[in-house]
Every structure is written in C-alpha cells, then in structure tokens.
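What follows is the content of start_10.txt, which has compact mmCIF, C-alpha atoms and all ligand atoms:
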# COMPACT_ATOMS: atom_id res chain seq x y z
CA MET A 1 104.05 114.09 105.89
CA PRO A 2 103.77 117.25 107.98
CA ASP A 3 106.73 118.08 110.15
CA LEU A 4 105.38 116.94 113.52
CA TYR A 5 108.44 118.20 115.34
CA ASN A 6 107.94 121.75 114.10
CA LEU A 7 104.14 121.65 114.28
CA THR A 8 104.23 120.75 117.94
CA ARG A 9 106.63 123.59 118.67
CA ARG A 10 104.20 126.20 117.45
CA ARG A 11 101.04 126.87 119.38
CA TRP A 12 99.06 127.83 116.32
CA GLY A 13 100.47 124.91 114.41
CA ARG A 14 98.66 122.65 116.83
CA VAL A 15 95.36 124.37 116.23
CA SER A 16 95.92 124.16 112.52
CA VAL A 17 96.51 120.41 112.73
CA ALA A 18 93.45 120.02 114.93
CA ARG A 19 91.25 121.77 112.40
CA ARG A 20 92.67 119.96 109.42
CA GLY A 21 92.62 116.52 110.93
CA ARG A 22 95.33 114.01 110.23
CA PRO A 23 97.06 113.46 106.93
CA GLY A 24 94.82 111.39 104.70
CA SER A 25 91.75 112.04 106.82
CA ASN A 26 88.70 113.89 105.64
CA PRO A 27 87.98 116.68 108.12
CA GLY A 28 84.59 117.21 106.50
CA ALA A 29 83.59 113.68 107.45
CA GLY A 30 83.76 114.49 111.14
CA SER A 31 87.23 113.12 111.76
CA ASN A 32 88.73 115.19 114.53
CA PHE A 33 91.77 113.60 116.01
CA LEU A 34 91.77 115.98 118.93
CA GLU A 35 88.38 114.72 120.03
CA ARG A 36 88.65 112.23 122.84
CA ILE A 37 86.90 108.92 122.45
CA ASP A 38 85.27 107.65 125.63
CA GLY A 39 87.29 110.21 127.57
CA PHE A 40 90.64 108.72 126.57
CA MET A 41 93.44 110.52 124.83
CA ASN A 42 94.72 109.05 121.57
CA PHE A 43 98.36 108.70 120.63
CA TYR A 44 98.33 111.83 118.49
CA GLN A 45 96.85 113.94 121.26
CA TYR A 46 99.43 112.53 123.62
CA GLN A 47 102.30 113.39 121.30
CA LEU A 48 101.11 116.98 121.08
CA ALA A 49 100.56 117.22 124.84
CA ALA A 50 103.95 115.68 125.65
CA GLU A 51 105.72 118.19 123.45
CA ARG A 52 104.44 121.01 125.62
CA THR A 53 106.86 120.03 128.37
CA ALA A 54 109.76 118.97 126.16
CA LYS A 55 112.90 121.04 126.36
CA GLN A 56 113.28 122.95 123.11
CA ILE A 57 116.81 122.17 122.02
CA PRO A 58 118.33 121.11 118.68
CA LYS A 59 117.26 117.74 117.31
CA GLU A 60 120.56 116.00 117.95
CA GLN A 61 120.47 117.09 121.59
CA ARG A 62 116.86 116.00 121.89
CA TYR A 63 117.74 112.48 120.78
CA VAL A 64 120.51 112.23 123.36
CA ASN A 65 118.50 113.89 126.14
CA PHE A 66 115.37 111.83 125.58
CA ALA A 67 117.21 108.55 124.98
CA MET A 68 119.00 109.04 128.31
CA GLY A 69 115.66 109.82 129.94
CA LEU A 70 114.14 106.69 128.39
CA ALA A 71 116.94 104.57 129.80
CA GLY A 72 116.58 106.21 133.22
CA GLU A 73 112.83 105.69 133.34
CA THR A 74 113.24 102.10 132.14
CA GLY A 75 115.50 101.60 135.14
CA GLU A 76 112.84 103.05 137.43
CA VAL A 77 110.24 100.59 136.13
CA VAL A 78 112.64 97.67 136.42
CA ASP A 79 113.67 98.67 139.95
CA TYR A 80 110.07 99.08 141.04
CA LEU A 81 109.08 95.67 139.67
CA LYS A 82 112.16 94.12 141.32
CA LYS A 83 110.89 95.40 144.66
CA VAL A 84 107.42 94.02 143.96
CA CYS A 85 108.63 90.61 142.74
CA PHE A 86 111.56 90.01 145.06
CA HIS A 87 111.32 92.33 148.06
CA GLY A 88 107.74 91.74 149.04
CA HIS A 89 106.46 95.22 148.16
CA PRO A 90 102.76 95.31 147.31
CA LEU A 91 102.01 96.28 143.72
CA ASP A 92 100.83 99.87 143.62
CA LYS A 93 99.19 100.16 140.23
CA ASN A 94 99.19 103.96 140.43
CA LYS A 95 102.93 103.98 140.96
CA LEU A 96 103.48 101.55 138.08
CA ALA A 97 101.18 103.59 135.82
CA GLU A 98 103.09 106.76 136.69
CA GLU A 99 106.41 105.17 135.78
CA LEU A 100 105.01 103.73 132.54
CA GLY A 101 103.71 107.21 131.75
CA ASP A 102 107.22 108.59 132.22
CA LEU A 103 108.46 106.03 129.71
CA LEU A 104 105.69 106.93 127.30
CA TRP A 105 106.64 110.60 127.50
CA TYR A 106 110.18 109.87 126.37
CA ILE A 107 108.97 107.55 123.61
CA ALA A 108 106.57 110.25 122.38
CA THR A 109 109.17 113.01 122.40
CA ILE A 110 111.68 110.85 120.55
CA ALA A 111 108.96 110.06 117.99
CA ASN A 112 108.15 113.79 117.73
CA THR A 113 111.78 114.59 117.09
CA ALA A 114 111.87 112.09 114.23
CA ASP A 115 108.43 113.08 112.86
CA LEU A 116 107.01 109.66 113.62
CA TYR A 117 103.43 108.99 114.68
CA LEU A 118 102.92 106.67 117.66
CA ASP A 119 99.73 105.23 116.20
CA ARG A 120 101.60 104.18 113.08
CA ILE A 121 104.42 102.77 115.19
CA ALA A 122 101.83 100.78 117.16
CA ASP A 123 100.20 99.50 113.97
CA ARG A 124 103.50 98.38 112.50
CA ASN A 125 104.50 96.68 115.72
CA ILE A 126 101.25 94.72 115.90
CA GLU A 127 101.52 93.73 112.22
CA LYS A 128 105.04 92.46 112.83
CA LEU A 129 103.89 90.43 115.82
CA LYS A 130 100.95 88.97 113.90
CA LYS A 131 103.39 87.62 111.35
CA ARG A 132 105.78 86.41 114.03
CA TYR A 133 103.10 84.76 116.16
CA PRO A 134 100.06 84.18 113.92
CA GLU A 135 98.37 82.01 116.58
CA GLY A 136 99.44 84.21 119.50
CA PHE A 137 102.64 83.81 121.49
CA SER A 138 104.14 80.37 121.74
CA GLU A 139 107.46 79.29 123.21
CA GLU A 140 107.94 76.95 120.27
CA ARG A 141 107.70 79.81 117.76
CA SER A 142 110.04 81.86 119.91
CA ARG A 143 112.62 79.08 119.94
CA GLU A 144 112.28 78.62 116.18
CA ARG A 145 113.06 82.30 115.67
CA ALA A 146 116.25 82.13 117.72
CA TYR A 147 118.00 79.75 115.30
MG MG A 201 109.81 108.06 136.72
If you took the structure in this file and wrote it as structure tokens, what would it be?
Amino acid sequence: MPDLYNLTRRRWGRVSVARRGRPGSNPGAGSNFLERIDGFMNFYQYQLAAERTAKQIPKEQRYVNFAMGLAGETGEVVDYLKKVCFHGHPLDKNKLAEELGDLLWYIATIANTADLYLDRIADRNIEKLKKRYPEGFSEERSRERAY
C-alpha cells in the first residue's frame, strides 16, 4: 500500500498518484480516480484535498490534534441539532452540511495519518452492517446484540 500520508504531503506525489490510478486499478483501462463522477468528489479526492489544509506536524501530534478537532466538531453538530430539536430553531441544511463537512475533514486527516482509505473504511463499515442487520435495521436485532 502506498504511504498516503507522505504522498499527500508532496505536491508531485499527488500528481503521480493521479496518473497511476489507485492501487490495484488499471490506469490503461481509463480508471482515473481524480476524475469526478457526475460532478461529485470521491473519497480519495477528498482525502487528498483535505490534506492540503492539514497542519504538517509529526504523526503522533496529528492524531492528538485531529482527534481533539473531531470531538470539537462532533460537539458542534450535537449542539446545533439540540437547538433544532429542542429550542425551536429551523433546520438550516447548509449549516448542518457545513458542520458535517468539518467532521469529515477530521476523519479524512486521521485516515491520512494512518494511511487508511475512506472508501475502504466505508466498504468495511457497510459489510459489517449487512451482517449485523441483514434485513435492514430492526430494534429486535439491536436488542439481541446487546446481550
Ligand atoms: Mg464546525
């Protein structure tokens, strides 16, 4: 696996990855992971873009810095939804999307630090949930898991 953390720190490393495509892909077959599909960014593109504004500090400090940021942004989302659900504030989807984006940035930079790919994390998460809830979520299955 290429060192995502170091690749994203080097400008030319990014270009190199873009030209090569992803590990296991066949660049000759037209797979270009930096090409947007329907105008949307994919996880890999996002990880590279997020790294551009990440503070370049040693890995151990990155984990602490970004984990603290993740907790802080989680609090912002929770506080915003508290105001919507209990204080009568109207839901501003742009505001919510902005806060979720802040969370995503911290998740991406933590993943970068650990050389993890968000698309693989997403795949694994969905596979886990398919096994846990093969027929979709059910309270019964949730209760069964608790004991
Ligand atoms: Mg925020």
Within-6 Å residues of ligand MG 201 (chain A), basis only C-alpha atoms and all ligand atoms, as a PyMOL selection string: chain A and resi 73+76+99+102
Residues near Val77 of chain A, cut-off 9 Å, only C-alpha atoms, skip fewer than 3 positions along chain, as a list in words: Gly72, Glu73, Thr74, Tyr80, Leu81, Lys82, Leu96, Glu99, Leu100 and Leu103 of chain A
Step by step, gather every atom of segment 48-64 of chain A that the file lists, find the box along x, y and z that holds them, add 6 Å on each side, and finally give centre and edge lengths in Å to one decimal, as JSON.
{"center_x": 110.6, "center_y": 117.6, "center_z": 122.8, "size_x": 32.0, "size_y": 22.7, "size_z": 23.1}
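For the pair atom CA of Leu70 of chain A and atom CA of Lys131 of chain A, the interatomic distance is 27.7 Å.
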Please report as a tab-separated table every residue of segment 78-122 of chain A lying within 9 Å of segment 32-49 of chain A, along with the nearest atom pair and their distance in Å (one decimal), using all atoms listed in the file.
residue	atom	partner	partner_atom	distance
A:Trp105	CA	A:Gln47	CA	8.1
A:Ala108	CA	A:Gln47	CA	5.4
A:Thr109	CA	A:Gln47	CA	7.0
A:Ala111	CA	A:Gln47	CA	8.1
A:Asn112	CA	A:Gln47	CA	6.9
A:Tyr117	CA	A:Tyr44	CA	7.0
A:Leu118	CA	A:Phe43	CA	5.8
A:Asp119	CA	A:Phe43	CA	5.8
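Here atom CA of Ala146 of chain A stands at a distance of 11.9 Å from atom CA of Arg132 of chain A.
Taking atom CA of Lys93 of chain A as the reference point, atom CA of Ala71 of chain A is found at 21.1 Å.
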Kindly output segment 61-92 of chain A as an mmCIF file, keeping the file's coordinate frame, after building N, CA and C atoms.
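Contents of the output file rebuild-v8.cif:
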data_model
loop_
_atom_site.group_PDB
_atom_site.id
_atom_site.type_symbol
_atom_site.label_atom_id
_atom_site.label_comp_id
_atom_site.auth_asym_id
_atom_site.auth_seq_id
_atom_site.Cartn_x
_atom_site.Cartn_y
_atom_site.Cartn_z
ATOM 1 N N GLN A 61 120.467 117.082 120.120
ATOM 2 C CA GLN A 61 120.470 117.090 121.590
ATOM 3 C C GLN A 61 119.211 116.455 122.143
ATOM 4 N N ARG A 62 118.099 116.643 121.432
ATOM 5 C CA ARG A 62 116.860 116.000 121.890
ATOM 6 C C ARG A 62 117.016 114.485 121.907
ATOM 7 N N TYR A 63 117.574 113.937 120.820
ATOM 8 C CA TYR A 63 117.740 112.480 120.780
ATOM 9 C C TYR A 63 118.547 111.984 121.970
ATOM 10 N N VAL A 64 119.648 112.664 122.254
ATOM 11 C CA VAL A 64 120.510 112.230 123.360
ATOM 12 C C VAL A 64 119.788 112.413 124.694
ATOM 13 N N ASN A 65 119.204 113.588 124.893
ATOM 14 C CA ASN A 65 118.500 113.890 126.140
ATOM 15 C C ASN A 65 117.366 112.893 126.392
ATOM 16 N N PHE A 66 116.546 112.680 125.385
ATOM 17 C CA PHE A 66 115.370 111.830 125.580
ATOM 18 C C PHE A 66 115.738 110.341 125.629
ATOM 19 N N ALA A 67 116.767 109.948 124.897
ATOM 20 C CA ALA A 67 117.210 108.550 124.980
ATOM 21 C C ALA A 67 117.761 108.267 126.381
ATOM 22 N N MET A 68 118.492 109.219 126.945
ATOM 23 C CA MET A 68 119.000 109.040 128.310
ATOM 24 C C MET A 68 117.831 108.985 129.292
ATOM 25 N N GLY A 69 116.844 109.835 129.077
ATOM 26 C CA GLY A 69 115.660 109.820 129.940
ATOM 27 C C GLY A 69 114.913 108.499 129.832
ATOM 28 N N LEU A 70 114.819 107.977 128.611
ATOM 29 C CA LEU A 70 114.140 106.690 128.390
ATOM 30 C C LEU A 70 114.851 105.576 129.157
ATOM 31 N N ALA A 71 116.171 105.592 129.078
ATOM 32 C CA ALA A 71 116.940 104.570 129.800
ATOM 33 C C ALA A 71 116.749 104.725 131.311
ATOM 34 N N GLY A 72 116.762 105.961 131.784
ATOM 35 C CA GLY A 72 116.580 106.210 133.220
ATOM 36 C C GLY A 72 115.217 105.757 133.705
ATOM 37 N N GLU A 73 114.195 106.090 132.946
ATOM 38 C CA GLU A 73 112.830 105.690 133.340
ATOM 39 C C GLU A 73 112.634 104.185 133.239
ATOM 40 N N THR A 74 113.291 103.571 132.245
ATOM 41 C CA THR A 74 113.240 102.100 132.140
ATOM 42 C C THR A 74 113.806 101.503 133.421
ATOM 43 N N GLY A 75 114.907 102.066 133.893
ATOM 44 C CA GLY A 75 115.500 101.600 135.140
ATOM 45 C C GLY A 75 114.552 101.754 136.320
ATOM 46 N N GLU A 76 113.787 102.837 136.337
ATOM 47 C CA GLU A 76 112.840 103.050 137.430
ATOM 48 C C GLU A 76 111.741 101.979 137.420
ATOM 49 N N VAL A 77 111.264 101.639 136.226
ATOM 50 C CA VAL A 77 110.240 100.590 136.130
ATOM 51 C C VAL A 77 110.814 99.252 136.570
ATOM 52 N N VAL A 78 112.000 98.952 136.086
ATOM 53 C CA VAL A 78 112.640 97.670 136.420
ATOM 54 C C VAL A 78 112.886 97.597 137.932
ATOM 55 N N ASP A 79 113.385 98.659 138.516
ATOM 56 C CA ASP A 79 113.670 98.670 139.950
ATOM 57 C C ASP A 79 112.383 98.512 140.773
ATOM 58 N N TYR A 80 111.332 99.191 140.318
ATOM 59 C CA TYR A 80 110.070 99.080 141.040
ATOM 60 C C TYR A 80 109.537 97.643 140.992
ATOM 61 N N LEU A 81 109.575 97.039 139.799
ATOM 62 C CA LEU A 81 109.080 95.670 139.670
ATOM 63 C C LEU A 81 109.967 94.670 140.418
ATOM 64 N N LYS A 82 111.253 94.956 140.509
ATOM 65 C CA LYS A 82 112.160 94.120 141.320
ATOM 66 C C LYS A 82 111.686 94.109 142.765
ATOM 67 N N LYS A 83 111.343 95.306 143.267
ATOM 68 C CA LYS A 83 110.890 95.400 144.660
ATOM 69 C C LYS A 83 109.575 94.654 144.861
ATOM 70 N N VAL A 84 108.708 94.714 143.858
ATOM 71 C CA VAL A 84 107.420 94.020 143.960
ATOM 72 C C VAL A 84 107.632 92.502 143.905
ATOM 73 N N CYS A 85 108.474 92.052 142.963
ATOM 74 C CA CYS A 85 108.630 90.610 142.740
ATOM 75 C C CYS A 85 109.558 89.932 143.745
ATOM 76 N N PHE A 86 110.552 90.675 144.236
ATOM 77 C CA PHE A 86 111.560 90.010 145.060
ATOM 78 C C PHE A 86 111.721 90.575 146.468
ATOM 79 N N HIS A 87 111.154 91.742 146.728
ATOM 80 C CA HIS A 87 111.320 92.330 148.060
ATOM 81 C C HIS A 87 110.014 92.400 148.838
ATOM 82 N N GLY A 88 108.994 91.807 148.312
ATOM 83 C CA GLY A 88 107.740 91.740 149.040
ATOM 84 C C GLY A 88 106.922 93.023 149.065
ATOM 85 N N HIS A 89 107.265 93.987 148.210
ATOM 86 C CA HIS A 89 106.460 95.220 148.160
ATOM 87 C C HIS A 89 105.122 94.924 147.490
ATOM 88 N N PRO A 90 104.047 95.487 148.002
ATOM 89 C CA PRO A 90 102.760 95.310 147.310
ATOM 90 C C PRO A 90 102.768 96.098 145.998
ATOM 91 N N LEU A 91 102.094 95.566 145.006
ATOM 92 C CA LEU A 91 102.010 96.280 143.720
ATOM 93 C C LEU A 91 101.083 97.478 143.877
ATOM 94 N N ASP A 92 101.625 98.639 143.637
ATOM 95 C CA ASP A 92 100.830 99.870 143.620
ATOM 96 C C ASP A 92 100.626 100.229 142.148
#
